[in-house]
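> Dropping in query-v4.pdb, with PDB, C-alpha atoms and all ligand atoms.
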```pdb
ATOM      1  CA  MET A   1       0.000   0.000   0.000  1.00  0.00           C
ATOM      2  CA  VAL A   2       1.351   3.414  -0.929  1.00  0.00           C
ATOM      3  CA  ILE A   3       0.354   6.171   1.494  1.00  0.00           C
ATOM      4  CA  ILE A   4       1.120   9.867   1.105  1.00  0.00           C
ATOM      5  CA  MET A   5       1.216  12.310   4.003  1.00  0.00           C
ATOM      6  CA  LEU A   6      -0.069  15.723   2.968  1.00  0.00           C
ATOM      7  CA  GLY A   7      -0.338  18.825   5.140  1.00  0.00           C
ATOM      8  CA  ALA A   8       1.582  21.948   6.054  1.00  0.00           C
ATOM      9  CA  GLN A   9       4.744  22.044   8.147  1.00  0.00           C
ATOM     10  CA  GLY A  10       4.079  21.262  11.782  1.00  0.00           C
ATOM     11  CA  THR A  11       0.820  19.334  11.295  1.00  0.00           C
ATOM     12  CA  GLY A  12       2.465  16.143  12.533  1.00  0.00           C
ATOM     13  CA  LYS A  13       3.019  14.263   9.267  1.00  0.00           C
ATOM     14  CA  GLY A  14       6.246  12.724  10.497  1.00  0.00           C
ATOM     15  CA  THR A  15       4.791  11.585  13.799  1.00  0.00           C
ATOM     16  CA  ILE A  16       1.780   9.950  12.159  1.00  0.00           C
ATOM     17  CA  ALA A  17       3.880   8.393   9.373  1.00  0.00           C
ATOM     18  CA  GLY A  18       6.230   6.952  11.984  1.00  0.00           C
ATOM     19  CA  MET A  19       3.379   5.364  13.922  1.00  0.00           C
ATOM     20  CA  ILE A  20       1.828   3.815  10.808  1.00  0.00           C
ATOM     21  CA  SER A  21       5.235   2.566   9.703  1.00  0.00           C
ATOM     22  CA  LYS A  22       5.825   0.861  13.023  1.00  0.00           C
ATOM     23  CA  GLN A  23       2.497  -0.980  12.835  1.00  0.00           C
ATOM     24  CA  THR A  24       2.722  -2.017   9.183  1.00  0.00           C
ATOM     25  CA  ALA A  25       6.487  -2.411   8.616  1.00  0.00           C
ATOM     26  CA  TRP A  26       6.183  -0.253   5.501  1.00  0.00           C
ATOM     27  CA  PRO A  27       9.076   2.228   5.531  1.00  0.00           C
ATOM     28  CA  GLN A  28       8.525   5.917   6.200  1.00  0.00           C
ATOM     29  CA  ILE A  29      10.195   7.730   3.330  1.00  0.00           C
ATOM     30  CA  ALA A  30      10.756  11.308   4.490  1.00  0.00           C
ATOM     31  CA  THR A  31      12.497  13.403   1.853  1.00  0.00           C
ATOM     32  CA  GLY A  32      13.440  16.093   4.413  1.00  0.00           C
ATOM     33  CA  ASP A  33      15.106  13.440   6.609  1.00  0.00           C
ATOM     34  CA  ILE A  34      17.013  12.011   3.644  1.00  0.00           C
ATOM     35  CA  PHE A  35      18.237  15.509   2.771  1.00  0.00           C
ATOM     36  CA  ARG A  36      19.261  16.231   6.379  1.00  0.00           C
ATOM     37  CA  LYS A  37      21.162  12.927   6.591  1.00  0.00           C
ATOM     38  CA  ASN A  38      23.038  13.741   3.378  1.00  0.00           C
ATOM     39  CA  ILE A  39      23.731  17.280   4.593  1.00  0.00           C
ATOM     40  CA  SER A  40      25.184  16.055   7.894  1.00  0.00           C
ATOM     41  CA  GLU A  41      27.337  13.513   6.032  1.00  0.00           C
ATOM     42  CA  LYS A  42      28.365  16.179   3.497  1.00  0.00           C
ATOM     43  CA  THR A  43      27.595  13.958   0.496  1.00  0.00           C
ATOM     44  CA  GLU A  44      27.464  15.504  -2.969  1.00  0.00           C
ATOM     45  CA  LEU A  45      23.652  15.410  -2.849  1.00  0.00           C
ATOM     46  CA  GLY A  46      23.708  16.989   0.620  1.00  0.00           C
ATOM     47  CA  VAL A  47      25.958  19.877  -0.373  1.00  0.00           C
ATOM     48  CA  GLU A  48      23.688  20.665  -3.329  1.00  0.00           C
ATOM     49  CA  ALA A  49      20.435  20.272  -1.346  1.00  0.00           C
ATOM     50  CA  GLU A  50      21.582  22.501   1.516  1.00  0.00           C
ATOM     51  CA  LYS A  51      21.659  25.510  -0.795  1.00  0.00           C
ATOM     52  CA  TYR A  52      17.856  25.228  -0.888  1.00  0.00           C
ATOM     53  CA  THR A  53      16.851  23.645   2.438  1.00  0.00           C
ATOM     54  CA  SER A  54      18.691  26.280   4.502  1.00  0.00           C
ATOM     55  CA  LYS A  55      16.540  28.968   2.894  1.00  0.00           C
ATOM     56  CA  GLY A  56      13.310  27.012   3.109  1.00  0.00           C
ATOM     57  CA  GLU A  57      13.121  26.595  -0.675  1.00  0.00           C
ATOM     58  CA  LEU A  58      12.242  23.397  -2.535  1.00  0.00           C
ATOM     59  CA  VAL A  59      15.161  21.310  -3.746  1.00  0.00           C
ATOM     60  CA  PRO A  60      14.948  21.000  -7.571  1.00  0.00           C
ATOM     61  CA  ASP A  61      13.157  17.957  -9.018  1.00  0.00           C
ATOM     62  CA  GLU A  62      16.350  16.814 -10.818  1.00  0.00           C
ATOM     63  CA  ILE A  63      17.750  16.019  -7.381  1.00  0.00           C
ATOM     64  CA  THR A  64      14.598  15.096  -5.474  1.00  0.00           C
ATOM     65  CA  VAL A  65      12.802  12.777  -7.923  1.00  0.00           C
ATOM     66  CA  PRO A  66      15.684  10.327  -8.608  1.00  0.00           C
ATOM     67  CA  MET A  67      16.323  10.161  -4.866  1.00  0.00           C
ATOM     68  CA  VAL A  68      12.702   9.081  -4.254  1.00  0.00           C
ATOM     69  CA  VAL A  69      12.758   6.580  -7.141  1.00  0.00           C
ATOM     70  CA  ASP A  70      15.885   5.060  -5.712  1.00  0.00           C
ATOM     71  CA  ARG A  71      14.321   4.722  -2.278  1.00  0.00           C
ATOM     72  CA  LEU A  72      11.069   3.222  -3.595  1.00  0.00           C
ATOM     73  CA  ASN A  73      13.076   0.599  -5.459  1.00  0.00           C
ATOM     74  CA  GLN A  74      14.670  -0.720  -2.304  1.00  0.00           C
ATOM     75  CA  GLU A  75      13.617  -4.142  -1.068  1.00  0.00           C
ATOM     76  CA  ASP A  76      11.896  -2.960   2.115  1.00  0.00           C
ATOM     77  CA  ALA A  77       9.440  -0.848   0.108  1.00  0.00           C
ATOM     78  CA  LYS A  78       8.141  -3.657  -2.070  1.00  0.00           C
ATOM     79  CA  ASP A  79       4.899  -4.179  -0.105  1.00  0.00           C
ATOM     80  CA  GLY A  80       4.257  -0.595   0.811  1.00  0.00           C
ATOM     81  CA  ALA A  81       5.641   2.797   1.739  1.00  0.00           C
ATOM     82  CA  ILE A  82       4.586   5.939   3.550  1.00  0.00           C
ATOM     83  CA  LEU A  83       5.753   9.015   1.694  1.00  0.00           C
ATOM     84  CA  ASP A  84       6.305  11.926   4.036  1.00  0.00           C
ATOM     85  CA  GLY A  85       7.214  15.177   2.284  1.00  0.00           C
ATOM     86  CA  PHE A  86       6.840  13.997  -1.304  1.00  0.00           C
ATOM     87  CA  PRO A  87       5.135  14.975  -3.581  1.00  0.00           C
ATOM     88  CA  ARG A  88       4.996  18.713  -2.899  1.00  0.00           C
ATOM     89  CA  THR A  89       4.043  20.030  -6.305  1.00  0.00           C
ATOM     90  CA  THR A  90       1.670  18.915  -9.029  1.00  0.00           C
ATOM     91  CA  ALA A  91       4.689  18.130 -11.219  1.00  0.00           C
ATOM     92  CA  GLN A  92       6.052  15.816  -8.512  1.00  0.00           C
ATOM     93  CA  ALA A  93       2.638  14.155  -8.103  1.00  0.00           C
ATOM     94  CA  GLU A  94       2.481  13.444 -11.836  1.00  0.00           C
ATOM     95  CA  LYS A  95       6.032  12.070 -11.747  1.00  0.00           C
ATOM     96  CA  LEU A  96       5.107   9.850  -8.832  1.00  0.00           C
ATOM     97  CA  ASP A  97       2.123   8.426 -10.729  1.00  0.00           C
ATOM     98  CA  GLU A  98       4.458   7.498 -13.609  1.00  0.00           C
ATOM     99  CA  ILE A  99       7.005   5.936 -11.264  1.00  0.00           C
ATOM    100  CA  LEU A 100       4.356   3.857  -9.495  1.00  0.00           C
ATOM    101  CA  VAL A 101       2.821   2.608 -12.755  1.00  0.00           C
ATOM    102  CA  LYS A 102       6.242   1.225 -13.685  1.00  0.00           C
ATOM    103  CA  LEU A 103       6.397  -0.558 -10.337  1.00  0.00           C
ATOM    104  CA  GLY A 104       2.863  -1.933 -10.758  1.00  0.00           C
ATOM    105  CA  LYS A 105       1.630   0.250  -7.907  1.00  0.00           C
ATOM    106  CA  LYS A 106      -0.556   3.285  -7.299  1.00  0.00           C
ATOM    107  CA  VAL A 107      -1.274   5.839  -4.602  1.00  0.00           C
ATOM    108  CA  ASP A 108      -3.775   4.082  -2.320  1.00  0.00           C
ATOM    109  CA  LEU A 109      -4.334   6.657   0.396  1.00  0.00           C
ATOM    110  CA  VAL A 110      -3.526  10.334   0.910  1.00  0.00           C
ATOM    111  CA  ILE A 111      -3.755  11.535   4.498  1.00  0.00           C
ATOM    112  CA  ASN A 112      -4.346  15.278   4.419  1.00  0.00           C
ATOM    113  CA  LEU A 113      -3.681  16.931   7.780  1.00  0.00           C
ATOM    114  CA  SER A 114      -5.275  20.259   8.514  1.00  0.00           C
ATOM    115  CA  THR A 115      -4.205  22.497  11.429  1.00  0.00           C
ATOM    116  CA  PRO A 116      -4.858  26.206  12.175  1.00  0.00           C
ATOM    117  CA  LYS A 117      -1.933  28.386  11.083  1.00  0.00           C
ATOM    118  CA  GLU A 118      -1.202  29.884  14.547  1.00  0.00           C
ATOM    119  CA  GLU A 119      -0.714  26.393  15.910  1.00  0.00           C
ATOM    120  CA  LEU A 120       1.605  25.478  13.025  1.00  0.00           C
ATOM    121  CA  ILE A 121       4.054  28.301  13.617  1.00  0.00           C
ATOM    122  CA  ASP A 122       4.078  27.589  17.326  1.00  0.00           C
ATOM    123  CA  ARG A 123       4.738  23.903  16.716  1.00  0.00           C
ATOM    124  CA  MET A 124       7.648  24.589  14.404  1.00  0.00           C
ATOM    125  CA  LEU A 125       9.248  26.913  16.954  1.00  0.00           C
ATOM    126  CA  THR A 126       8.851  24.353  19.760  1.00  0.00           C
ATOM    127  CA  ARG A 127       9.926  21.311  17.685  1.00  0.00           C
ATOM    128  CA  ARG A 128      13.205  19.585  18.596  1.00  0.00           C
ATOM    129  CA  VAL A 129      14.830  16.686  16.760  1.00  0.00           C
ATOM    130  CA  CYS A 130      17.253  13.989  17.855  1.00  0.00           C
ATOM    131  CA  THR A 131      20.690  14.578  16.320  1.00  0.00           C
ATOM    132  CA  ASN A 132      21.316  10.833  15.984  1.00  0.00           C
ATOM    133  CA  GLN A 133      20.550  10.226  12.298  1.00  0.00           C
ATOM    134  CA  GLU A 134      19.599   6.607  12.947  1.00  0.00           C
ATOM    135  CA  CYS A 135      16.965   7.797  15.464  1.00  0.00           C
ATOM    136  CA  LYS A 136      15.679  11.242  14.388  1.00  0.00           C
ATOM    137  CA  THR A 137      12.849  11.167  16.943  1.00  0.00           C
ATOM    138  CA  THR A 138      10.913  14.422  17.027  1.00  0.00           C
ATOM    139  CA  TYR A 139       9.834  16.128  20.244  1.00  0.00           C
ATOM    140  CA  ASN A 140       7.923  19.238  21.102  1.00  0.00           C
ATOM    141  CA  ILE A 141       9.049  21.120  24.175  1.00  0.00           C
ATOM    142  CA  LYS A 142       5.444  22.048  24.993  1.00  0.00           C
ATOM    143  CA  LEU A 143       3.278  19.189  23.734  1.00  0.00           C
ATOM    144  CA  ASN A 144       5.631  16.225  23.851  1.00  0.00           C
ATOM    145  CA  PRO A 145       8.793  17.066  25.820  1.00  0.00           C
ATOM    146  CA  PRO A 146      11.625  14.585  26.420  1.00  0.00           C
ATOM    147  CA  LYS A 147      12.007  13.253  29.991  1.00  0.00           C
ATOM    148  CA  VAL A 148      15.326  15.110  30.364  1.00  0.00           C
ATOM    149  CA  GLU A 149      15.591  18.491  28.708  1.00  0.00           C
ATOM    150  CA  GLY A 150      17.707  18.404  25.553  1.00  0.00           C
ATOM    151  CA  VAL A 151      18.222  14.623  25.605  1.00  0.00           C
ATOM    152  CA  CYS A 152      16.520  11.981  23.440  1.00  0.00           C
ATOM    153  CA  ASP A 153      14.413   9.491  25.476  1.00  0.00           C
ATOM    154  CA  LYS A 154      15.090   6.712  22.996  1.00  0.00           C
ATOM    155  CA  CYS A 155      18.816   6.914  22.359  1.00  0.00           C
ATOM    156  CA  GLY A 156      20.298   9.515  24.731  1.00  0.00           C
ATOM    157  CA  ALA A 157      21.671  11.721  21.959  1.00  0.00           C
ATOM    158  CA  ALA A 158      21.371  15.494  22.089  1.00  0.00           C
ATOM    159  CA  LEU A 159      18.257  17.209  20.751  1.00  0.00           C
ATOM    160  CA  LYS A 160      18.471  20.307  18.633  1.00  0.00           C
ATOM    161  CA  GLN A 161      16.275  22.722  16.794  1.00  0.00           C
ATOM    162  CA  ARG A 162      16.293  22.413  13.003  1.00  0.00           C
ATOM    163  CA  GLU A 163      18.002  25.350  11.344  1.00  0.00           C
ATOM    164  CA  ASP A 164      14.927  26.072   9.211  1.00  0.00           C
ATOM    165  CA  ASP A 165      12.671  25.931  12.304  1.00  0.00           C
ATOM    166  CA  SER A 166      14.625  28.602  14.180  1.00  0.00           C
ATOM    167  CA  ASN A 167      14.534  31.073  11.328  1.00  0.00           C
ATOM    168  CA  PRO A 168      11.215  32.980  10.989  1.00  0.00           C
ATOM    169  CA  GLU A 169      11.968  33.822   7.362  1.00  0.00           C
ATOM    170  CA  ALA A 170      12.454  30.164   6.474  1.00  0.00           C
ATOM    171  CA  ILE A 171       9.278  29.244   8.385  1.00  0.00           C
ATOM    172  CA  ASN A 172       7.215  31.787   6.496  1.00  0.00           C
ATOM    173  CA  LYS A 173       8.714  30.855   3.158  1.00  0.00           C
ATOM    174  CA  ARG A 174       7.960  27.166   3.735  1.00  0.00           C
ATOM    175  CA  LEU A 175       4.350  27.897   4.693  1.00  0.00           C
ATOM    176  CA  LYS A 176       3.954  30.128   1.641  1.00  0.00           C
ATOM    177  CA  ILE A 177       5.371  27.471  -0.686  1.00  0.00           C
ATOM    178  CA  TYR A 178       3.013  24.976   0.926  1.00  0.00           C
ATOM    179  CA  GLU A 179       0.003  27.163   0.248  1.00  0.00           C
ATOM    180  CA  GLU A 180       1.013  28.017  -3.311  1.00  0.00           C
ATOM    181  CA  GLN A 181       2.575  24.823  -4.583  1.00  0.00           C
ATOM    182  CA  THR A 182       1.567  21.917  -2.350  1.00  0.00           C
ATOM    183  CA  SER A 183      -2.024  22.641  -1.331  1.00  0.00           C
ATOM    184  CA  PRO A 184      -3.309  22.144  -4.932  1.00  0.00           C
ATOM    185  CA  LEU A 185      -2.513  18.462  -4.359  1.00  0.00           C
ATOM    186  CA  VAL A 186      -5.547  18.254  -2.068  1.00  0.00           C
ATOM    187  CA  GLU A 187      -7.762  18.719  -5.113  1.00  0.00           C
ATOM    188  CA  TYR A 188      -5.508  16.485  -7.268  1.00  0.00           C
ATOM    189  CA  TYR A 189      -5.964  13.527  -4.933  1.00  0.00           C
ATOM    190  CA  LYS A 190      -9.604  14.303  -4.144  1.00  0.00           C
ATOM    191  CA  GLN A 191     -10.286  13.862  -7.872  1.00  0.00           C
ATOM    192  CA  LYS A 192      -8.622  10.469  -7.703  1.00  0.00           C
ATOM    193  CA  GLY A 193     -10.846   9.457  -4.779  1.00  0.00           C
ATOM    194  CA  VAL A 194      -7.992   8.653  -2.384  1.00  0.00           C
ATOM    195  CA  LEU A 195      -8.071  11.690  -0.095  1.00  0.00           C
ATOM    196  CA  ARG A 196      -8.717  11.404   3.633  1.00  0.00           C
ATOM    197  CA  THR A 197      -8.723  14.750   5.449  1.00  0.00           C
ATOM    198  CA  GLU A 198      -8.062  14.833   9.189  1.00  0.00           C
ATOM    199  CA  VAL A 199      -8.103  17.877  11.455  1.00  0.00           C
ATOM    200  CA  VAL A 200      -5.231  17.895  13.940  1.00  0.00           C
ATOM    201  CA  SER A 201      -5.626  20.649  16.493  1.00  0.00           C
ATOM    202  CA  GLU A 202      -5.366  21.362  20.163  1.00  0.00           C
ATOM    203  CA  SER A 203      -8.574  23.379  19.800  1.00  0.00           C
ATOM    204  CA  VAL A 204     -10.576  20.195  19.140  1.00  0.00           C
ATOM    205  CA  ASN A 205      -8.341  18.030  21.299  1.00  0.00           C
ATOM    206  CA  ARG A 206      -7.388  15.789  18.407  1.00  0.00           C
ATOM    207  CA  MET A 207      -3.670  15.243  18.028  1.00  0.00           C
ATOM    208  CA  GLY A 208      -1.504  13.208  15.668  1.00  0.00           C
ATOM    209  CA  LYS A 209      -1.573  10.160  17.892  1.00  0.00           C
ATOM    210  CA  ASP A 210      -5.401  10.012  17.743  1.00  0.00           C
ATOM    211  CA  VAL A 211      -5.388  10.289  13.955  1.00  0.00           C
ATOM    212  CA  ALA A 212      -2.704   7.612  13.621  1.00  0.00           C
ATOM    213  CA  GLU A 213      -4.659   5.195  15.828  1.00  0.00           C
ATOM    214  CA  ASP A 214      -7.817   5.595  13.728  1.00  0.00           C
ATOM    215  CA  ILE A 215      -5.952   5.124  10.469  1.00  0.00           C
ATOM    216  CA  ILE A 216      -4.080   2.060  11.688  1.00  0.00           C
ATOM    217  CA  LYS A 217      -7.397   0.490  12.736  1.00  0.00           C
ATOM    218  CA  ASP A 218      -8.813   1.080   9.254  1.00  0.00           C
ATOM    219  CA  ILE A 219      -5.737  -0.281   7.492  1.00  0.00           C
ATOM    220  CA  LYS A 220      -5.845  -3.455   9.563  1.00  0.00           C
ATOM    221  CA  LYS A 221      -9.525  -4.084   8.812  1.00  0.00           C
TER     222      LYS A 221
HETATM  223  P1  LIG A 301       9.191  20.942   6.236  1.00  0.00           P
HETATM  224  O1  LIG A 301       8.046  20.229   5.613  1.00  0.00           O
HETATM  225  O2  LIG A 301       8.960  21.284   7.674  1.00  0.00           O
HETATM  226  O3  LIG A 301       9.680  22.099   5.445  1.00  0.00           O
HETATM  227  P2  LIG A 301      10.896  18.629   5.632  1.00  0.00           P
HETATM  228  O4  LIG A 301      11.730  17.948   6.641  1.00  0.00           O
HETATM  229  O5  LIG A 301       9.790  17.869   5.037  1.00  0.00           O
HETATM  230  O6  LIG A 301      10.411  19.945   6.359  1.00  0.00           O
HETATM  231  O7  LIG A 301      11.813  19.197   4.461  1.00  0.00           O
HETATM  232  C1  LIG A 301      12.920  20.003   4.738  1.00  0.00           C
HETATM  233  C2  LIG A 301      13.376  20.662   3.454  1.00  0.00           C
HETATM  234  O8  LIG A 301      13.768  19.656   2.512  1.00  0.00           O
HETATM  235  C3  LIG A 301      12.316  21.486   2.727  1.00  0.00           C
HETATM  236  O9  LIG A 301      12.200  22.791   3.226  1.00  0.00           O
HETATM  237  C4  LIG A 301      12.850  21.457   1.302  1.00  0.00           C
HETATM  238  O10 LIG A 301      13.934  22.352   1.166  1.00  0.00           O
HETATM  239  C5  LIG A 301      13.406  20.042   1.190  1.00  0.00           C
HETATM  240  N1  LIG A 301      12.407  19.096   0.655  1.00  0.00           N
HETATM  241  C6  LIG A 301      11.789  18.086   1.333  1.00  0.00           C
HETATM  242  N2  LIG A 301      10.934  17.427   0.531  1.00  0.00           N
HETATM  243  C7  LIG A 301      11.010  18.002  -0.692  1.00  0.00           C
HETATM  244  C8  LIG A 301      10.367  17.789  -1.946  1.00  0.00           C
HETATM  245  N3  LIG A 301       9.429  16.832  -2.120  1.00  0.00           N
HETATM  246  N4  LIG A 301      10.709  18.601  -2.982  1.00  0.00           N
HETATM  247  C9  LIG A 301      11.632  19.559  -2.835  1.00  0.00           C
HETATM  248  N5  LIG A 301      12.262  19.830  -1.691  1.00  0.00           N
HETATM  249  C10 LIG A 301      11.963  19.070  -0.616  1.00  0.00           C
HETATM  250 ZN    ZN A 302      17.333   9.656  19.515  1.00  0.00          ZN
END
```
Produce structure tokens that represent the structure in this file.
Ligand code: ADP
Ligand code: ZN


Amino acid sequence: MVIIMLGAQGTGKGTIAGMISKQTAWPQIATGDIFRKNISEKTELGVEAEKYTSKGELVPDEITVPMVVDRLNQEDAKDGAILDGFPRTTAQAEKLDEILVKLGKKVDLVINLSTPKEELIDRMLTRRVCTNQECKTTYNIKLNPPKVEGVCDKCGAALKQREDDSNPEAINKRLKIYEEQTSPLVEYYKQKGVLRTEVVSESVNRMGKDVAEDIIKDIKK
């Protein structure tokens, strides 16, 4: 089963994708995580990608698309995958359809997360990530703090704020790109009949964990 996580920055895509992945054994393929890993290892791809990620701009398709194809072709993705952060433009969505046809697959479910904008900005500012690239667990100092400040519960490595989360300009640019270039995908996948919209908000007391539990129940039916 191929699942896509859709929704603005800070809606909890990564958290939900991680929970579904754990229950299904389908890998979570997070393009942002793959870029950050390459950036920290200073690979050729990482050096090129950082020129864009540091400013909150999209990395060009010539770099992003082959990277996703490569990942989808790996053995662990043969039964399913949860795409987290791809596609982000209509062009990428069309590319993905072509790629999946070649693999004899299709997009089965698109989880569209919707959260009020004030909450999004707040969540990005309070997000912290584990610096251990094999772990990458995400915390939120207000909503989901680690047991010991600045230390990952799971692996003991240091937590840090993402560079693009500490920079208001990068935050605003990412949200703007989301609205302009990614949000049209809601309609794209609605047309295909695979869209499932979920509100994630403190104001209705429904958080990522609740959404993930409901979705996992439905997948297992
Ligand atoms: P966020 O969604 O909070 O911006 P991600 O971790 O998903 O964070 O992505 C971090 C950065 O990686 C993005 O700002 C962008 O520069 C790059 N990126 C991730 N996914 C894509 C994609 N599908 N296309 C182009 N660039 C991407
Ligand atoms: Zn960790």

> Compute the set of protein, DNA and RNA residues whose minimum atom distance to ligand ZN 302 (chain A) is at most 7 Å, using only C-alpha atoms and all ligand atoms, and state it as an MDAnalysis selection string.

chainID A and resid 130:132 135:137 152:157

> Pull C-alpha atoms from the residues just selected and write them as an mmCIF file, keeping the file's coordinate frame.


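Done, and the output landed in result-v4.cif:
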```cif
data_model
loop_
_atom_site.group_PDB
_atom_site.id
_atom_site.type_symbol
_atom_site.label_atom_id
_atom_site.label_comp_id
_atom_site.auth_asym_id
_atom_site.auth_seq_id
_atom_site.Cartn_x
_atom_site.Cartn_y
_atom_site.Cartn_z
ATOM 1 C CA CYS A 130 17.253 13.989 17.855
ATOM 2 C CA THR A 131 20.690 14.578 16.320
ATOM 3 C CA ASN A 132 21.316 10.833 15.984
ATOM 4 C CA CYS A 135 16.965 7.797 15.464
ATOM 5 C CA LYS A 136 15.679 11.242 14.388
ATOM 6 C CA THR A 137 12.849 11.167 16.943
ATOM 7 C CA CYS A 152 16.520 11.981 23.440
ATOM 8 C CA ASP A 153 14.413 9.491 25.476
ATOM 9 C CA LYS A 154 15.090 6.712 22.996
ATOM 10 C CA CYS A 155 18.816 6.914 22.359
ATOM 11 C CA GLY A 156 20.298 9.515 24.731
ATOM 12 C CA ALA A 157 21.671 11.721 21.959
#
```

> Report as a list in words the residues that result from applying the PyMOL selection byres (((not hetatm)) within 6 of (chain A and resi 301)) to the structure here.

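After applying the PyMOL selection byres (((not hetatm)) within 6 of (chain A and resi 301)), what remains is Gln9, Thr31, Gly32, Asp33, Tyr52, Thr53, Gly56, Glu57, Leu58, Val59, Pro60, Thr64, Gly85, Phe86, Pro87, Arg88 and Arg174 of chain A.
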
> Quick check on the file I pasted: which residues fall under the PyMOL selection byres (((chain A and resi 46) around 12) and not hetatm)? Write them as a PyMOL selection string.

chain A and resi 31-45+47-54+59+63-64+67

> Using the selection just defined, write its residues with C-alpha atoms as a PDB file, in the coordinates of the input.


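Wrote it out as selection-v2.pdb, contents follow:
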```pdb
ATOM      1  CA  THR A  31      12.497  13.403   1.853  1.00  0.00           C
ATOM      2  CA  GLY A  32      13.440  16.093   4.413  1.00  0.00           C
ATOM      3  CA  ASP A  33      15.106  13.440   6.609  1.00  0.00           C
ATOM      4  CA  ILE A  34      17.013  12.011   3.644  1.00  0.00           C
ATOM      5  CA  PHE A  35      18.237  15.509   2.771  1.00  0.00           C
ATOM      6  CA  ARG A  36      19.261  16.231   6.379  1.00  0.00           C
ATOM      7  CA  LYS A  37      21.162  12.927   6.591  1.00  0.00           C
ATOM      8  CA  ASN A  38      23.038  13.741   3.378  1.00  0.00           C
ATOM      9  CA  ILE A  39      23.731  17.280   4.593  1.00  0.00           C
ATOM     10  CA  SER A  40      25.184  16.055   7.894  1.00  0.00           C
ATOM     11  CA  GLU A  41      27.337  13.513   6.032  1.00  0.00           C
ATOM     12  CA  LYS A  42      28.365  16.179   3.497  1.00  0.00           C
ATOM     13  CA  THR A  43      27.595  13.958   0.496  1.00  0.00           C
ATOM     14  CA  GLU A  44      27.464  15.504  -2.969  1.00  0.00           C
ATOM     15  CA  LEU A  45      23.652  15.410  -2.849  1.00  0.00           C
ATOM     16  CA  VAL A  47      25.958  19.877  -0.373  1.00  0.00           C
ATOM     17  CA  GLU A  48      23.688  20.665  -3.329  1.00  0.00           C
ATOM     18  CA  ALA A  49      20.435  20.272  -1.346  1.00  0.00           C
ATOM     19  CA  GLU A  50      21.582  22.501   1.516  1.00  0.00           C
ATOM     20  CA  LYS A  51      21.659  25.510  -0.795  1.00  0.00           C
ATOM     21  CA  TYR A  52      17.856  25.228  -0.888  1.00  0.00           C
ATOM     22  CA  THR A  53      16.851  23.645   2.438  1.00  0.00           C
ATOM     23  CA  SER A  54      18.691  26.280   4.502  1.00  0.00           C
ATOM     24  CA  VAL A  59      15.161  21.310  -3.746  1.00  0.00           C
ATOM     25  CA  ILE A  63      17.750  16.019  -7.381  1.00  0.00           C
ATOM     26  CA  THR A  64      14.598  15.096  -5.474  1.00  0.00           C
ATOM     27  CA  MET A  67      16.323  10.161  -4.866  1.00  0.00           C
TER      28      MET A  67
END
```

> Which residues are near A:Ile16? Cut-off 9 Å, only C-alpha atoms, ignore same chain within fewer than 6 positions. Put them as a short mmCIF file (atom, residue, chain, number, x, y, z; two decimals) with C-alpha atoms, in the frame of the given file.


```
data_model
loop_
_atom_site.label_atom_id
_atom_site.label_comp_id
_atom_site.auth_asym_id
_atom_site.auth_seq_id
_atom_site.Cartn_x
_atom_site.Cartn_y
_atom_site.Cartn_z
CA MET A 5 1.22 12.31 4.00
CA GLY A 208 -1.50 13.21 15.67
CA LYS A 209 -1.57 10.16 17.89
CA VAL A 211 -5.39 10.29 13.96
CA ALA A 212 -2.70 7.61 13.62
CA GLU A 213 -4.66 5.20 15.83
#
```

> Determine the residue membership of the PyMOL selection byres (((chain A and resi 2) around 10) and not hetatm) for the file above and supply it as a PyMOL selection string.

chain A and resi 1+3-4+26+77-83+100+105-110

> Distance atom CA of A:Leu175-atom CA of A:Glu163, one decimal place?

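Atom-to-atom, atom CA of A:Leu175 and atom CA of A:Glu163 are spaced 15.4 Å apart.
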
> With only C-alpha atoms as the basis for distance, which of A:Pro27, A:Gly18, A:Arg71, A:Ala93 is at the shortest distance from A:Leu185?

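Using only C-alpha atoms, the shortest distance to A:Leu185 belongs to A:Ala93.
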
> Enter the distance from atom CA of A:Met207 to atom CA of A:Lys220, in Å, rounded to one decimal.

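Rounded to one decimal, the two atoms are 20.6 Å apart.
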
> Looking at only C-alpha atoms, which of A:Leu143, A:Asp84, A:Gln74, A:Ser114 is the one that sits closest to A:Ser183?

A:Ser114

> Tell me which protein, DNA and RNA residues are within 9 Å of A:Gly7, counting only C-alpha atoms, leaving out same-chain ones fewer than 6 positions away, and put them as a list in words.

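The residues satisfying every condition are Lys13, Gly85, Ile111, Asn112, Leu113, Ser114, Thr115, Tyr178, Thr182, Ser183 and Val186 of chain A.
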
> Take the residues from that selection and write them out as a CSV table (one decimal), keeping the file's coordinate frame, keeping C-alpha atoms.


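File part_31.csv, as written:
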```
chain,number,residue,atom,x,y,z
A,13,LYS,CA,3.0,14.3,9.3
A,85,GLY,CA,7.2,15.2,2.3
A,111,ILE,CA,-3.8,11.5,4.5
A,112,ASN,CA,-4.3,15.3,4.4
A,113,LEU,CA,-3.7,16.9,7.8
A,114,SER,CA,-5.3,20.3,8.5
A,115,THR,CA,-4.2,22.5,11.4
A,178,TYR,CA,3.0,25.0,0.9
A,182,THR,CA,1.6,21.9,-2.4
A,183,SER,CA,-2.0,22.6,-1.3
A,186,VAL,CA,-5.5,18.3,-2.1
```

> Could you state the separation of atom CA of A:Ala91 and atom CA of A:Glu62 in Å, given to one decimal place?

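It comes out at 11.7 Å.
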
> Rank nothing, just name the residue among A:Ser201, A:Lys102, A:Glu169, A:Glu94 nearest to A:Leu72, using all atoms listed in the file.

A:Lys102
